[in-house]
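Undergrad: As input, take entry_16.txt (compact mmCIF, C-alpha atoms):
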# COMPACT_ATOMS: atom_id res chain seq x y z
CA MET O 1 -7.97 131.57 -133.56
CA ARG O 2 -5.49 132.28 -136.35
CA LYS O 3 -2.80 133.33 -133.84
CA PHE O 4 -3.42 130.12 -131.90
CA LEU O 5 -3.14 127.99 -135.06
CA ILE O 6 0.11 129.68 -136.11
CA LEU O 7 1.59 129.16 -132.63
CA ILE O 8 0.81 125.43 -132.62
CA LEU O 9 2.11 124.89 -136.15
CA ILE O 10 5.38 126.57 -135.15
CA ILE O 11 5.75 124.53 -131.96
CA LEU O 12 4.97 121.06 -133.37
CA PRO O 13 7.91 120.71 -135.78
CA TYR O 14 10.33 121.51 -132.97
CA CYS O 15 8.87 118.99 -130.55
CA SER O 16 11.43 116.25 -129.89
CA LEU O 17 10.98 113.07 -131.89
CA SER O 18 13.18 111.19 -129.47
CA SER O 19 11.86 108.92 -126.78
CA GLN O 20 8.55 109.30 -125.08
CA ASN O 21 9.96 107.16 -122.28
CA THR O 22 7.18 105.54 -120.29
CA THR O 23 8.77 102.21 -119.37
CA ASN O 24 11.50 100.69 -117.23
CA SER O 25 10.80 97.09 -118.27
CA PRO O 26 13.70 94.73 -119.13
CA THR O 27 11.71 93.30 -122.07
CA SER O 28 11.93 96.71 -123.78
CA MET O 29 15.56 95.88 -124.66
CA PHE O 30 14.33 93.59 -127.45
CA GLY O 31 12.87 94.43 -130.83
CA ILE O 32 12.02 98.13 -131.12
CA GLY O 33 10.97 98.53 -127.49
CA GLU O 34 7.66 98.57 -125.71
CA ILE O 35 4.87 99.45 -128.13
CA ALA O 36 2.40 102.29 -127.56
CA TYR O 37 -0.97 101.21 -128.93
CA GLY O 38 -2.75 104.55 -128.89
CA GLU O 39 -4.11 104.44 -125.36
CA GLY O 40 -4.96 107.86 -123.99
CA GLY O 41 -7.21 110.73 -124.99
CA GLN O 42 -10.80 111.01 -123.79
CA TYR O 43 -11.19 107.23 -123.91
CA ALA O 44 -8.15 106.38 -121.77
CA GLY O 45 -10.58 104.66 -119.41
CA PHE O 46 -11.12 102.03 -122.11
CA GLY O 47 -7.40 101.18 -122.14
CA GLY O 48 -6.97 101.63 -125.89
CA ALA O 49 -10.25 100.54 -127.48
CA GLY O 50 -11.56 103.06 -130.00
CA ILE O 51 -11.68 101.81 -133.61
CA ALA O 52 -15.46 102.36 -133.68
CA LEU O 53 -15.65 105.58 -131.62
CA ARG O 54 -16.16 109.17 -132.78
CA GLY O 55 -17.28 112.51 -131.35
CA GLY O 56 -17.58 116.19 -132.13
CA THR O 57 -15.23 117.58 -129.47
CA PHE O 58 -12.26 115.17 -129.35
CA ILE O 59 -9.72 113.50 -131.64
CA ASN O 60 -9.71 109.70 -131.82
CA TYR O 61 -6.17 108.27 -132.23
CA ALA O 62 -7.35 104.72 -132.98
CA ASN O 63 -9.02 105.46 -136.34
CA PRO O 64 -8.04 108.32 -138.71
CA SER O 65 -11.53 108.44 -140.26
CA ALA O 66 -13.07 109.47 -136.91
CA ILE O 67 -12.13 113.16 -137.27
CA THR O 68 -15.06 113.61 -139.70
CA ALA O 69 -17.24 113.71 -136.57
CA LEU O 70 -15.63 116.96 -135.36
CA ASP O 71 -17.97 119.88 -134.97
CA SER O 72 -17.88 121.78 -138.26
CA ALA O 73 -17.60 125.10 -136.42
CA ARG O 74 -14.87 124.10 -133.96
CA PHE O 75 -11.10 124.00 -133.96
CA VAL O 76 -10.11 121.13 -131.61
CA PHE O 77 -6.81 120.77 -129.70
CA ASP O 78 -6.07 117.59 -127.76
CA MET O 79 -3.15 116.92 -125.39
CA GLY O 80 -2.43 114.25 -122.80
CA VAL O 81 0.25 112.97 -120.42
CA LYS O 82 0.90 109.54 -118.95
CA GLY O 83 2.58 108.38 -115.77
CA ALA O 84 3.11 104.85 -114.47
CA TYR O 85 4.31 102.95 -111.42
CA ARG O 86 5.89 99.72 -112.62
CA ILE O 87 6.99 96.58 -110.80
CA TYR O 88 9.03 94.03 -112.72
CA ARG O 89 10.73 90.78 -111.82
CA GLN O 90 14.09 89.88 -113.36
CA THR O 91 16.26 86.86 -112.43
CA GLY O 92 14.34 86.32 -109.20
CA SER O 93 14.48 89.90 -107.87
CA ASN O 94 11.79 92.57 -107.92
CA ASN O 95 12.36 96.18 -108.92
CA ASN O 96 10.08 99.17 -109.23
CA SER O 97 10.16 102.54 -110.97
CA VAL O 98 8.08 105.63 -111.69
CA VAL O 99 8.01 106.92 -115.28
CA GLY O 100 6.02 109.49 -117.24
CA ASN O 101 5.94 111.72 -120.28
CA LEU O 102 3.84 113.41 -122.93
CA ASN O 103 1.41 110.85 -124.36
CA ASN O 104 -0.38 112.60 -127.22
CA MET O 105 -0.78 115.96 -128.92
CA SER O 106 -2.99 116.80 -131.90
CA ILE O 107 -5.07 119.41 -133.68
CA GLY O 108 -8.11 118.81 -135.87
CA PHE O 109 -10.62 120.91 -137.81
CA ARG O 110 -12.90 120.91 -140.85
CA LEU O 111 -11.26 122.12 -144.04
CA ASN O 112 -14.46 122.10 -146.11
CA PRO O 113 -17.92 120.50 -145.74
CA LYS O 114 -16.63 117.07 -146.81
CA PHE O 115 -12.97 117.03 -145.76
CA TYR O 116 -11.30 117.20 -142.33
CA VAL O 117 -7.61 117.43 -141.42
CA GLY O 118 -5.43 117.02 -138.37
CA VAL O 119 -1.81 117.29 -137.18
CA PHE O 120 -0.42 114.99 -134.46
CA LEU O 121 2.63 114.02 -132.42
CA ASN O 122 2.45 110.65 -130.62
CA PRO O 123 4.83 108.04 -129.16
CA VAL O 124 5.38 104.76 -131.03
CA THR O 125 7.76 102.80 -128.78
CA SER O 126 9.64 103.31 -125.52
CA CYS O 127 12.87 101.70 -124.32
CA GLY O 128 14.02 101.99 -120.72
CA TYR O 129 15.64 99.37 -118.50
CA ALA O 130 18.51 98.61 -116.12
CA ALA O 131 19.22 94.98 -115.29
CA THR O 132 22.19 93.10 -113.84
CA ILE O 133 22.73 89.59 -115.22
CA ASP O 134 25.37 87.01 -114.21
CA GLN O 135 26.92 85.33 -117.26
CA ASP O 136 29.29 82.37 -117.54
CA VAL O 137 32.89 83.29 -118.36
CA VAL O 138 33.73 81.81 -121.76
CA GLY O 139 36.43 79.12 -121.49
CA SER O 140 36.27 78.86 -117.69
CA THR O 141 36.49 75.35 -116.24
CA THR O 142 35.58 76.41 -112.70
CA GLY O 143 32.11 77.81 -113.43
CA ALA O 144 33.23 81.40 -112.96
CA LYS O 145 30.67 84.07 -113.66
CA MET O 146 30.84 87.75 -114.56
CA SER O 147 28.18 90.34 -113.77
CA SER O 148 27.01 92.56 -116.60
CA LEU O 149 24.88 95.68 -116.23
CA PHE O 150 22.51 96.24 -119.15
CA GLU O 151 20.99 99.71 -119.56
CA GLY O 152 18.83 101.20 -122.28
CA SER O 153 16.89 104.35 -123.08
CA GLY O 154 15.14 106.08 -125.95
CA GLY O 155 12.32 105.18 -128.28
CA LEU O 156 10.44 106.17 -131.41
CA SER O 157 7.82 108.89 -131.97
CA LYS O 158 5.74 109.89 -134.96
CA MET O 159 4.60 113.24 -136.31
CA GLY O 160 2.22 113.53 -139.22
CA PHE O 161 -1.01 114.61 -140.84
CA THR O 162 -4.46 113.07 -140.93
CA GLY O 163 -6.99 113.57 -143.70
CA ALA O 164 -10.52 112.17 -143.72
CA ALA O 165 -13.55 112.52 -145.97
CA LEU O 166 -17.30 111.98 -145.70
CA LEU O 167 -18.00 109.83 -148.75
CA LEU O 168 -21.62 109.25 -147.83
CA LYS O 169 -23.85 110.54 -145.06
CA ASN O 170 -22.87 107.65 -142.76
CA LEU O 171 -19.55 106.51 -144.30
CA SER O 172 -16.15 108.07 -143.53
CA VAL O 173 -12.66 107.12 -144.72
CA GLY O 174 -9.34 108.52 -143.58
CA ALA O 175 -5.57 108.16 -143.69
CA SER O 176 -2.68 109.28 -141.47
CA ALA O 177 0.75 109.81 -143.04
CA SER O 178 3.53 110.07 -140.47
CA TYR O 179 7.30 110.34 -140.14
CA VAL O 180 8.61 107.95 -137.49
CA ALA O 181 12.03 108.57 -135.96
CA GLY O 182 14.03 108.17 -132.78
CA THR O 183 17.20 106.92 -131.14
CA ILE O 184 17.64 103.88 -128.90
CA THR O 185 20.81 103.63 -126.78
CA GLN O 186 21.84 100.30 -125.22
CA ASP O 187 24.84 99.80 -122.91
CA GLU O 188 26.50 96.66 -121.57
CA ILE O 189 28.90 97.40 -118.68
CA GLN O 190 31.34 94.84 -117.26
CA SER O 191 34.35 95.14 -114.98
CA THR O 192 36.72 94.80 -117.94
CA ALA O 193 34.88 96.53 -120.77
CA THR O 194 31.93 98.73 -121.74
CA ALA O 195 29.99 98.55 -125.00
CA GLU O 196 27.43 101.10 -126.20
CA LEU O 197 25.15 100.62 -129.19
CA VAL O 198 23.41 103.75 -130.51
CA SER O 199 20.74 103.00 -133.09
CA LYS O 200 19.02 105.82 -134.99
CA LYS O 201 15.87 104.65 -136.74
CA GLN O 202 13.48 106.34 -139.14
CA SER O 203 10.69 105.49 -141.54
CA PHE O 204 7.45 106.72 -143.08
CA TYR O 205 4.16 105.09 -142.20
CA LEU O 206 0.59 105.12 -143.48
CA ASP O 207 -2.48 104.23 -141.40
CA LEU O 208 -5.87 103.74 -143.08
CA GLY O 209 -9.31 103.72 -141.50
CA ALA O 210 -13.02 103.68 -142.19
CA GLN O 211 -16.21 104.02 -140.14
CA TYR O 212 -19.84 103.34 -140.95
CA GLN O 213 -22.68 104.59 -138.77
CA LEU O 214 -25.92 102.58 -138.68
CA ASN O 215 -28.88 104.43 -137.13
CA LEU O 216 -31.08 101.74 -135.59
CA ASP O 217 -33.73 104.27 -134.52
CA LYS O 218 -33.84 107.79 -133.08
CA LYS O 219 -32.26 106.73 -129.77
CA HIS O 220 -29.93 103.88 -130.73
CA LEU O 221 -27.09 103.64 -133.19
CA MET O 222 -24.24 101.31 -134.06
CA LEU O 223 -20.79 102.10 -135.43
CA ILE O 224 -18.48 99.73 -137.30
CA GLY O 225 -14.80 100.65 -137.74
CA LEU O 226 -11.87 99.21 -139.70
CA VAL O 227 -8.15 100.10 -139.60
CA TYR O 228 -5.19 98.85 -141.61
CA GLY O 229 -1.44 99.47 -141.88
CA LEU O 230 1.33 97.90 -143.99
CA THR O 231 4.56 96.46 -142.57
CA GLN O 232 7.24 99.11 -143.02
CA PRO O 233 11.04 98.67 -142.68
CA LEU O 234 12.93 100.95 -140.33
CA HIS O 235 16.08 102.48 -141.78
CA GLN O 236 18.84 102.17 -139.17
CA THR O 237 22.16 103.86 -138.54
CA ASN O 238 23.96 101.88 -135.84
CA THR O 239 27.18 102.81 -134.04
CA LEU O 240 28.88 100.42 -131.61
CA THR O 241 31.54 101.81 -129.28
CA ALA O 242 33.57 99.42 -127.13
CA VAL O 243 36.00 100.58 -124.42
CA SER O 244 38.28 98.16 -122.54
CA SER O 245 39.62 98.67 -119.02
CA SER O 246 43.08 99.19 -120.50
CA GLY O 247 41.84 102.28 -122.33
CA GLY O 248 41.48 100.90 -125.85
CA THR O 249 38.48 102.12 -127.84
CA THR O 250 36.82 100.44 -130.84
CA VAL O 251 34.10 102.14 -132.90
CA THR O 252 32.10 100.16 -135.44
CA THR O 253 29.56 101.86 -137.70
CA ASN O 254 26.45 99.90 -138.74
CA PRO O 255 27.26 96.60 -136.99
CA ALA O 256 24.93 93.66 -137.62
CA HIS O 257 21.82 94.38 -135.59
CA GLY O 258 19.00 92.56 -137.34
CA LYS O 259 16.35 94.15 -139.52
CA ARG O 260 13.65 96.07 -137.68
CA TYR O 261 10.13 96.78 -138.91
CA LEU O 262 7.07 98.71 -137.90
CA PRO O 263 4.47 95.94 -137.83
CA GLY O 264 1.68 95.64 -140.33
CA TYR O 265 -1.71 95.38 -138.70
CA TYR O 266 -5.45 95.32 -139.17
CA GLY O 267 -8.28 95.84 -136.75
CA VAL O 268 -12.05 95.85 -136.51
CA GLY O 269 -14.25 97.53 -133.92
CA VAL O 270 -17.94 97.81 -133.15
CA SER O 271 -19.81 100.08 -130.77
CA TYR O 272 -23.42 100.46 -129.65
CA MET O 273 -24.73 103.77 -128.30
CA THR O 274 -27.79 105.11 -126.55
CA ALA O 275 -28.30 108.47 -124.87
CA ARG O 276 -26.54 107.33 -121.68
CA TRP O 277 -24.75 104.10 -122.57
CA LEU O 278 -21.85 103.24 -124.88
CA LEU O 279 -20.49 99.72 -125.40
CA THR O 280 -17.50 99.00 -127.62
CA ALA O 281 -15.13 96.16 -128.55
CA ASP O 282 -11.95 95.99 -130.69
CA TYR O 283 -9.85 93.21 -132.17
CA ARG O 284 -6.36 93.99 -133.56
CA TYR O 285 -3.72 91.81 -135.20
CA TYR O 286 -0.05 92.84 -135.51
CA ASP O 287 2.38 91.09 -137.88
CA TRP O 288 5.95 90.80 -136.50
CA SER O 289 7.05 87.97 -138.81
CA LYS O 290 9.65 90.04 -140.70
CA THR O 291 11.53 91.33 -137.65
CA GLU O 292 14.91 89.59 -137.27
CA THR O 293 16.75 88.63 -134.09
CA ASN O 294 20.45 88.24 -133.33
CA GLU O 295 19.84 86.25 -130.13
CA SER O 296 19.04 82.53 -130.34
CA TYR O 297 16.79 82.70 -127.27
CA ILE O 298 14.61 85.52 -128.67
CA GLN O 299 11.70 85.09 -131.09
CA TYR O 300 9.12 87.57 -132.36
CA LYS O 301 5.55 86.36 -132.62
CA ASN O 302 2.48 87.88 -134.20
CA GLN O 303 0.27 89.65 -131.70
CA HIS O 304 -3.46 89.50 -130.99
CA TYR O 305 -5.25 92.19 -129.01
CA LEU O 306 -8.87 92.01 -127.73
CA MET O 307 -10.35 95.04 -125.93
CA PHE O 308 -13.71 95.94 -124.41
CA GLY O 309 -15.16 99.17 -123.04
CA ALA O 310 -18.35 100.48 -121.43
CA GLN O 311 -19.38 104.05 -120.66
CA ARG O 312 -22.25 105.46 -118.56
CA THR O 313 -23.22 109.14 -118.70
CA PHE O 314 -24.54 110.83 -115.54
CA GLY O 315 -26.26 114.16 -115.01
CA ASN O 316 -27.82 116.48 -117.55
CA LEU O 317 -26.93 115.21 -121.03
CA TYR O 318 -26.71 118.71 -122.46
CA ARG O 319 -25.13 120.64 -119.59
CA TYR O 320 -21.86 119.46 -118.04
CA PRO O 321 -22.43 115.68 -117.96
CA VAL O 322 -19.97 113.31 -116.27
CA LYS O 323 -18.99 110.06 -117.98
CA LEU O 324 -17.74 106.93 -116.21
CA LEU O 325 -15.64 104.53 -118.29
CA LEU O 326 -14.64 100.90 -117.70
CA GLY O 327 -12.37 98.74 -119.85
CA ALA O 328 -10.64 95.35 -120.05
CA GLY O 329 -8.39 93.59 -122.53
CA LEU O 330 -6.19 90.60 -123.38
CA SER O 331 -3.07 90.29 -125.53
CA ASN O 332 0.12 88.32 -126.04
CA SER O 333 3.60 89.84 -126.05
CA TYR O 334 5.38 90.00 -129.40
CA VAL O 335 8.67 89.10 -127.65
CA VAL O 336 9.15 85.42 -126.74
CA ILE O 337 12.14 84.78 -124.42
CA SER O 338 13.56 81.24 -124.27
CA GLY O 339 10.29 79.87 -125.59
CA LYS O 340 8.27 81.47 -122.77
CA LYS O 341 5.27 83.46 -123.95
CA ALA O 342 3.92 86.32 -121.86
CA GLU O 343 0.12 86.63 -121.82
CA ASN O 344 -1.08 90.06 -120.74
CA TYR O 345 -4.33 91.44 -119.42
CA TYR O 346 -5.52 94.83 -118.24
CA VAL O 347 -8.44 96.49 -116.50
CA SER O 348 -9.08 100.23 -116.62
CA THR O 349 -11.42 102.98 -115.59
CA GLY O 350 -11.78 106.71 -116.16
CA LEU O 351 -13.87 109.85 -115.78
CA ASN O 352 -14.65 112.54 -118.35
CA PHE O 353 -15.84 115.99 -117.27
CA LEU O 354 -17.49 118.17 -119.90
CA PHE O 355 -17.33 121.95 -119.45
CA LYS O 356 -18.65 125.00 -121.23
CA GLY O 357 -18.06 125.08 -124.98
CA GLY O 358 -17.41 121.34 -125.24
CA ASN O 359 -14.04 121.47 -123.44
CA THR O 360 -13.27 118.19 -121.67
CA VAL O 361 -10.89 117.03 -118.94
CA SER O 362 -10.37 113.26 -118.82
CA PHE O 363 -8.75 111.02 -116.23
CA GLY O 364 -7.83 107.36 -116.72
CA VAL O 365 -6.30 104.58 -114.63
CA LYS O 366 -5.08 101.27 -116.06
CA TYR O 367 -3.66 98.19 -114.33
CA ASN O 368 -1.92 95.61 -116.48
CA ASP O 369 -0.42 92.28 -115.42
CA GLN O 370 0.56 88.87 -116.80
CA PHE O 371 -0.86 85.42 -116.25
CA ASN O 372 0.52 81.92 -116.95
CA SER O 373 4.00 83.23 -116.08
CA THR O 374 6.57 80.77 -114.70
CA LYS O 375 8.99 81.32 -111.81
CA ASN O 376 12.02 82.16 -113.99
CA MET O 377 10.08 84.22 -116.51
CA GLN O 378 10.36 87.99 -116.69
CA LYS O 379 7.21 89.54 -115.23
CA ASP O 380 5.97 93.09 -115.58
CA ARG O 381 3.10 94.84 -113.81
CA ALA O 382 2.11 98.49 -114.07
CA LEU O 383 -0.40 100.99 -112.76
CA SER O 384 -0.74 103.79 -115.32
CA PHE O 385 -2.39 107.20 -114.96
CA PHE O 386 -3.65 109.39 -117.79
CA LEU O 387 -4.64 113.04 -117.90
CA ASN O 388 -6.04 114.47 -121.12
CA VAL O 389 -7.39 117.91 -122.03
CA SER O 390 -9.52 118.56 -125.11
CA PHE O 391 -10.43 122.16 -125.79
CA ASN O 392 -11.75 123.94 -128.81
CA GLU O 393 -12.46 127.34 -130.24
CA ARG O 394 -15.67 128.07 -132.06
CA VAL O 395 -15.19 129.77 -135.43
CA TRP O 396 -17.46 131.25 -138.04
CA HIS O 397 -18.33 128.96 -140.96
CA SER O 398 -16.99 131.53 -143.39
CA LYS O 399 -13.49 131.05 -141.95
CA ILE O 400 -13.32 127.35 -142.67
CA GLN O 401 -15.24 126.88 -145.87
So that I can check it, write out the structure of this file as structure tokens.
TA:
Amino acid sequence: MRKFLILILIILPYCSLSSQNTTNSPTSMFGIGEIAYGEGGQYAGFGGAGIALRGGTFINYANPSAITALDSARFVFDMGVKGAYRIYRQTGSNNNSVVGNLNNMSIGFRLNPKFYVGVFLNPVTSCGYAATIDQDVVGSTTGAKMSSLFEGSGGLSKMGFTGAALLLKNLSVGASASYVAGTITQDEIQSTATAELVSKKQSFYLDLGAQYQLNLDKKHLMLIGLVYGLTQPLHQTNTLTAVSSSGGTTVTTNPAHGKRYLPGYYGVGVSYMTARWLLTADYRYYDWSKTETNESYIQYKNQHYLMFGAQRTFGNLYRYPVKLLLGAGLSNSYVVISGKKAENYYVSTGLNFLFKGGNTVSFGVKYNDQFNSTKNMQKDRALSFFLNVSFNERVWHSKIQ
């Protein structure tokens, strides 16, 4: 176990903090890209719900206090990947793409009888797009237009530590401190000139969480969870390089790009559990009010997220059970283009297979789409696939006390 721990601690710092690119949507060119809201892990079938979930053999990314449920005699490692087939509509034409990458990686264990710790590496945002747009030629009296190719790639990831404590028998609190960093590259290519903006962003972030377990009777219990995070500015180093067709090159360091922030948020979740059933619901609010825009047709709006999940366990509860998960959710996009608001929904499902020693293999599928979209509005649909592996090593109490 010690050799395994040393190996992981050596590998994690060298894992790339650049993009975890899982999108090819044109809307990812705005703000800080497409946001990753912690979907994945054993509860990928719920599509992201998890503020009020906890368990002894997996790490919950939605609430840092949940690691106090880890088995006191186990060292837990969790890793997952995500792939997606996306269809998006831009300026009347449809395009599709296949994307995928590492989705989550973490380690968790008990440090002493009251305190638990974890190490994690997760995506925060993803930027990936390629779109051709016809623009009016400035000063033209004949209505001439020029085609521009817009391309972008990159994103932000976070690496950090989680600490959580059992304050009371049924009350846990936790915090995750993380370093967020990454590079986003955006190109505009015309017949007469090419411009490339490279933006390196970094910040530190703190997530807080709490969970309270209410035992209704011997067979039924309820969990209530809370999460909170402060708005945090992103420190940017921007470099703009422009090259004309005549060969002239202009490099501008730190051009005006608008202030960018990691959004502040809060969330509440509740779950109800029996031996074979689990029902859960989350509400989350994200504050984008401080993020600035350089484009008159772009606005950033605060975001509301409502998620639901249900799980049914089949087979022997104590020997290799199989769990079926279903999920659904609603949200609004934080990017508003020309006054047009995108309303999103998703449905999801998944299967968890439990093996000897508490090791688990989880599969998830999620379909997300938009409703109330107009003809000229950007539209994005995706079918996402998740694979997650949670495995653990049993250790003697004397090693971890």
Undergrad: Within 6 Å of stretch 194-207 of chain O, counting only C-alpha atoms, which residues qualify if same-chain residues fewer than 5 places away don't, as an MDAnalysis selection string?
TA: chainID O and resid 175:189 229 234:243
Undergrad: So which residues are close to (-13.2, 101.0, -117.4), meaning at most 10 Å away in the file's coordinates with all atoms listed in the file counted, and can you show them as a PyMOL selection string?
TA: chain O and resi 43-47+308-311+324-328+346-351+364-366
Undergrad: Could you state the separation of atom CA of O:Ile35 and atom CA of O:Thr280 in Å, given to one decimal place?
TA: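 Value for the atom CA of O:Ile35-atom CA of O:Thr280 distance: 22.4 Å.
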Undergrad: Kindly indicate which residue among O:Gly248, O:Gly267, O:Gly163, O:Pro64 lies nearest to O:Met307, using all atoms listed in the file for the distances.
TA: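 The answer is O:Gly267, which sits nearest to O:Met307.
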Undergrad: For atom CA of O:Lys340 and atom CA of O:Tyr286, determine how far apart the two atoms are, in Å to one decimal place.
TA: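 Separating atom CA of O:Lys340 from atom CA of O:Tyr286 is a distance of 19.0 Å.
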Undergrad: Might you pull out every residue within 12 Å of O:Tyr228, with only C-alpha atoms counted and same-chain residues fewer than 5 positions away left off, and present them as a compact mmCIF listing (two decimals) with C-alpha atoms, in the coordinates of the input?
TA:
# COMPACT_ATOMS: atom_id res chain seq x y z
CA ILE O 51 -11.68 101.81 -133.61
CA ALA O 62 -7.35 104.72 -132.98
CA ASN O 63 -9.02 105.46 -136.34
CA PRO O 64 -8.04 108.32 -138.71
CA SER O 65 -11.53 108.44 -140.26
CA VAL O 173 -12.66 107.12 -144.72
CA GLY O 174 -9.34 108.52 -143.58
CA ALA O 175 -5.57 108.16 -143.69
CA SER O 176 -2.68 109.28 -141.47
CA TYR O 205 4.16 105.09 -142.20
CA LEU O 206 0.59 105.12 -143.48
CA ASP O 207 -2.48 104.23 -141.40
CA LEU O 208 -5.87 103.74 -143.08
CA GLY O 209 -9.31 103.72 -141.50
CA ALA O 210 -13.02 103.68 -142.19
CA PRO O 263 4.47 95.94 -137.83
CA GLY O 264 1.68 95.64 -140.33
CA TYR O 265 -1.71 95.38 -138.70
CA TYR O 266 -5.45 95.32 -139.17
CA GLY O 267 -8.28 95.84 -136.75
CA VAL O 268 -12.05 95.85 -136.51
CA GLY O 269 -14.25 97.53 -133.92
CA TYR O 283 -9.85 93.21 -132.17
CA ARG O 284 -6.36 93.99 -133.56
CA TYR O 285 -3.72 91.81 -135.20
CA TYR O 286 -0.05 92.84 -135.51
CA ASP O 287 2.38 91.09 -137.88
Undergrad: One number please: atom CA of O:Ser362 to atom CA of O:Tyr320, in Å, one decimal.
TA: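 Computing it gives 13.1 Å between the two atoms.
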Undergrad: For each of O:Gly315, O:Gly225, O:Pro255, O:Gly108, take the minimum atom-to-atom distance to O:Phe120, counting all atoms listed in the file, then give the residue where this is smallest.
TA: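 Closest residue, counting all atoms listed in the file: O:Gly108.
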Undergrad: Pick out the closest residue to O:Glu34 from this set: O:Leu156, O:Ala164, O:Val361, O:Leu387. Count only C-alpha atoms.
TA: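 Using only C-alpha atoms, O:Glu34 sits closest to O:Leu156.
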Undergrad: Select, from O:Ser296, O:Thr192, O:Thr68, O:Asn96, the residue with the minimum atom-to-atom distance to O:Leu53, counting all atoms listed in the file.
TA: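 The closest residue to O:Leu53 is O:Thr68.
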Undergrad: How would you write as a PDB file with C-alpha atoms, in the frame of the given file the residues that get within 10 Å of (-12.8, 122.2, -138.9) in the file's frame, counting all atoms listed in the file?
TA:
ATOM      1  CA  ILE O  67     -12.130 113.160-137.270  1.00  0.00           C
ATOM      2  CA  THR O  68     -15.060 113.610-139.700  1.00  0.00           C
ATOM      3  CA  ALA O  69     -17.240 113.710-136.570  1.00  0.00           C
ATOM      4  CA  LEU O  70     -15.630 116.960-135.360  1.00  0.00           C
ATOM      5  CA  ASP O  71     -17.970 119.880-134.970  1.00  0.00           C
ATOM      6  CA  SER O  72     -17.880 121.780-138.260  1.00  0.00           C
ATOM      7  CA  ALA O  73     -17.600 125.100-136.420  1.00  0.00           C
ATOM      8  CA  ARG O  74     -14.870 124.100-133.960  1.00  0.00           C
ATOM      9  CA  PHE O  75     -11.100 124.000-133.960  1.00  0.00           C
ATOM     10  CA  VAL O  76     -10.110 121.130-131.610  1.00  0.00           C
ATOM     11  CA  ILE O 107      -5.070 119.410-133.680  1.00  0.00           C
ATOM     12  CA  GLY O 108      -8.110 118.810-135.870  1.00  0.00           C
ATOM     13  CA  PHE O 109     -10.620 120.910-137.810  1.00  0.00           C
ATOM     14  CA  ARG O 110     -12.900 120.910-140.850  1.00  0.00           C
ATOM     15  CA  LEU O 111     -11.260 122.120-144.040  1.00  0.00           C
ATOM     16  CA  ASN O 112     -14.460 122.100-146.110  1.00  0.00           C
ATOM     17  CA  PRO O 113     -17.920 120.500-145.740  1.00  0.00           C
ATOM     18  CA  PHE O 115     -12.970 117.030-145.760  1.00  0.00           C
ATOM     19  CA  TYR O 116     -11.300 117.200-142.330  1.00  0.00           C
ATOM     20  CA  VAL O 117      -7.610 117.430-141.420  1.00  0.00           C
ATOM     21  CA  GLY O 118      -5.430 117.020-138.370  1.00  0.00           C
ATOM     22  CA  ARG O 394     -15.670 128.070-132.060  1.00  0.00           C
ATOM     23  CA  VAL O 395     -15.190 129.770-135.430  1.00  0.00           C
ATOM     24  CA  HIS O 397     -18.330 128.960-140.960  1.00  0.00           C
ATOM     25  CA  LYS O 399     -13.490 131.050-141.950  1.00  0.00           C
ATOM     26  CA  ILE O 400     -13.320 127.350-142.670  1.00  0.00           C
ATOM     27  CA  GLN O 401     -15.240 126.880-145.870  1.00  0.00           C
TER      28      GLN O 401
END
Undergrad: From the options O:Asn60, O:Asn368, O:Ser331, O:Ser106, which residue's atoms come nearest to O:Phe77, counting all atoms listed in the file?
TA: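 Ranked by minimum distance to O:Phe77, first place goes to O:Ser106.
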Undergrad: Which residue, O:Asn122, O:Asn95, O:Asn352, O:Thr132, has the smallest gap to O:Ser157 when you use all atoms listed in the file?
TA: O:Asn122
